[in-house]
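Peer 1: What follows is a single structure, and I will ask about it in a moment.
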Number of protein chains: 2
Amino acid sequence: MLKLYSFGPMANSAKPMLTLFEKFEYGRDFEVQRLDPSKFEHHTDWFKAINPRGQVPALEDGGRIVTESTVICEYLEDAHPTAVNLRPENAYDRAQMRVWTKWVDEYFCWCVSTIGWHRGISHMAKALSDEDFEEHLKKIPVPEQQVKWRRARDGFPQDMLDEEMRKIAVSVRKLDDQLADNEWLAGGMYTLADICNFAIANRMPQGFPELVNNDDTPHLVRWLDQINARPKVQEMFVTIPSERLAASRD
Amino acid sequence: MLKLYSFGPMANSAKPMLTLFEKFEYGRDFEVQRLDPSKFEHHTDWFKAINPRGQVPALEDGGRIVTESTVICEYLEDAHPTAVNLRPENAYDRAQMRVWTKWVDEYFCWCVSTIGWHRGISHMAKALSDEDFEEHLKKIPVPEQQVKWRRARDGFPQDMLDEEMRKIAVSVRKLDDQLADNEWLAGGMYTLADICNFAIANRMPQGFPELVNNDDTPHLVRWLDQINARPKVQEMFVTIPSERLAASRD
């Protein structure tokens, strides 16, 4: 059985999780082991034995580990093709799909993530004593993640937050423009491009209502509704609990 | 015939260029149209009609354009399989290959690029009059690229340069460690992982001799030598002229 180590169904964790739900039967073909970010489970020794970078998601398949959310999605298609194909067969369309998944990984996910950390993770980081925080920092294997945790505790610089908000506005415009003329992002079908972007964008109407709403981004909202209406998406949200981390705004 | 729009055989341009040389015959199966970065040809209207982002490389195949260097490499394997297969057949090995190509795109290429701009592009940017520079800036479609050009002209902040140098040292260590126990980066064969990393790392023994040398990174140097000895690599360097932009150091 495939096993996904992940947080709840949002952000990078949702990419391979939704891919699994779309392609396979939960409990029969795959299971999800949910790590608790508020307990820093991804930085524990047991999990770093699975992924030395201390990051979710990670997929276990026959004793081997595949990491990096987008890589896992393509791996599932390569290693376990099913009747549900989430990549276009045509090479040109597949390339367009990859331009969109790459854009998520290099641009879209980062700006949304920083604002998410500013609103959510900051509270966690500030709740720790100085001593606990420094102790915890030592357990984080990726230096850039240490920096991000420190910024979450000290406060992200305002010019960084402004720049990330600018990039979020650019991202939202780009998605809405593409979806104005296309039912799906690439290749005329529901693909990993939709799944990977949905994972980042799904909560934006609540988190960024000034940017993502029926008036300003009707096509993006339509596309989110369309994906949320899919039976497998609903099954995922019912089956795997979400964290409440990013719920607060300040 | 396939047509690659690119700069000379280094950095992102070298990824699809070397993939093309390895898989096909130059002049029979593909051609390369080299743009002159010192004339900002990639920001001209004719090229922005090909890639609206004003970035090389871009591949033309039967009237359609594929962009993004790593995406082009995978596209060439998907669309035009030949006897030379640069991706492992095994799904797990292919995933490992993608972890390495993704790492180039998200980490390794950026730190090397910033130092390359600091050393090379800065001279170009500073040689322009204020008026010419501002005029030119308007032709650059990607806002983040505009920022990079402005930094190249004004001077990159020292803390940014220091941080990028730290990341370069991390990158070099990571490559050398992997290559200590492995002839190639992924899947026990020469793959797109090697090509994409080689594209960024090839000039490092000259550009960063304090980091990449026989004493500190013998495995990385061995791997560079091994790739440079390949007939198709030699053919590429003889056939397609390199720019001299990054040659100066300060």
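Residue names in the structure tokens use chain letters A, B, ... in the order shown, residue numbers from 1 in each chain, and ligand numbers from 1 in the order shown.
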Give me, as a PyMOL selection string, the contact residues of chain B against chain A at a cut-off of 12 Å, counting only C-alpha atoms.
Peer 2: chain B and resi 59-81+88-107+110+142-144+147+163-164+166-167+170
Peer 1: Write out as JSON, numbers by chain the set of residues from region 97-233 of chain A that DSSP, computed on the backbone, places in helix (DSSP H, G or I).
Peer 2: {"A": [97, 98, 99, 100, 101, 102, 103, 104, 105, 106, 107, 108, 109, 110, 111, 112, 113, 114, 115, 116, 117, 118, 119, 120, 121, 122, 123, 124, 125, 126, 127, 130, 131, 132, 133, 134, 135, 136, 137, 138, 143, 144, 145, 146, 147, 148, 149, 150, 151, 152, 153, 154, 158, 159, 160, 161, 162, 163, 164, 165, 166, 167, 168, 169, 170, 171, 172, 173, 174, 175, 176, 177, 178, 179, 180, 192, 193, 194, 195, 196, 197, 198, 199, 200, 201, 204, 205, 206, 207, 218, 219, 220, 221, 222, 223, 224, 225, 226, 227, 228, 231, 232, 233]}
Peer 1: Which residue is closest to Glu235 (chain A)? Choose from A:Ala58, A:Gln146, A:Pro37, A:Phe24 and count only C-alpha atoms.
Peer 2: A:Phe24
Peer 1: So the first atom is CA of Leu20 (chain B) and the second is CA of Asp225 (chain B); what is the distance between them in Å, to one decimal place?
Peer 2: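 CA of Asp225 (chain B) lies at a distance of 20.1 Å from CA of Leu20 (chain B).
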Peer 1: Just to confirm, what's the straight-line distance from CA of Phe21 (chain B) to CA of Ser38 (chain B) in Å (one decimal)?
Peer 2: 25.0 Å
Peer 1: Do a neighbour search on region 215-221 of chain B at 7 Å with only C-alpha atoms, toss out local chain neighbours closer than 4 positions, and write the hits as a ChimeraX atom specification.
Peer 2: /B:175-176,179-180,211,225
Peer 1: Mind pulling up the distance from CA of Leu2 (chain A) to CA of Glu25 (chain A)?
Peer 2: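 Separation of CA of Glu25 (chain A) and CA of Leu2 (chain A): 10.6 Å.
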Peer 1: Can you tell me, as a PyMOL selection string, which residues in region 37-111 of chain A count as strand (DSSP E) by DSSP?
Peer 2: chain A and resi 58-61+64-67
Peer 1: Give me the residues within 12 Å of Ile115 (chain B) as a count of residues only, counting only C-alpha atoms and dropping any in the same chain fewer than 5 places off.
Peer 2: 30
Peer 1: Nearest to Thr191 (chain A): which of A:Met10, A:Val56, A:Ile227, A:Val112 is it, counting only C-alpha atoms?
Peer 2: A:Ile227
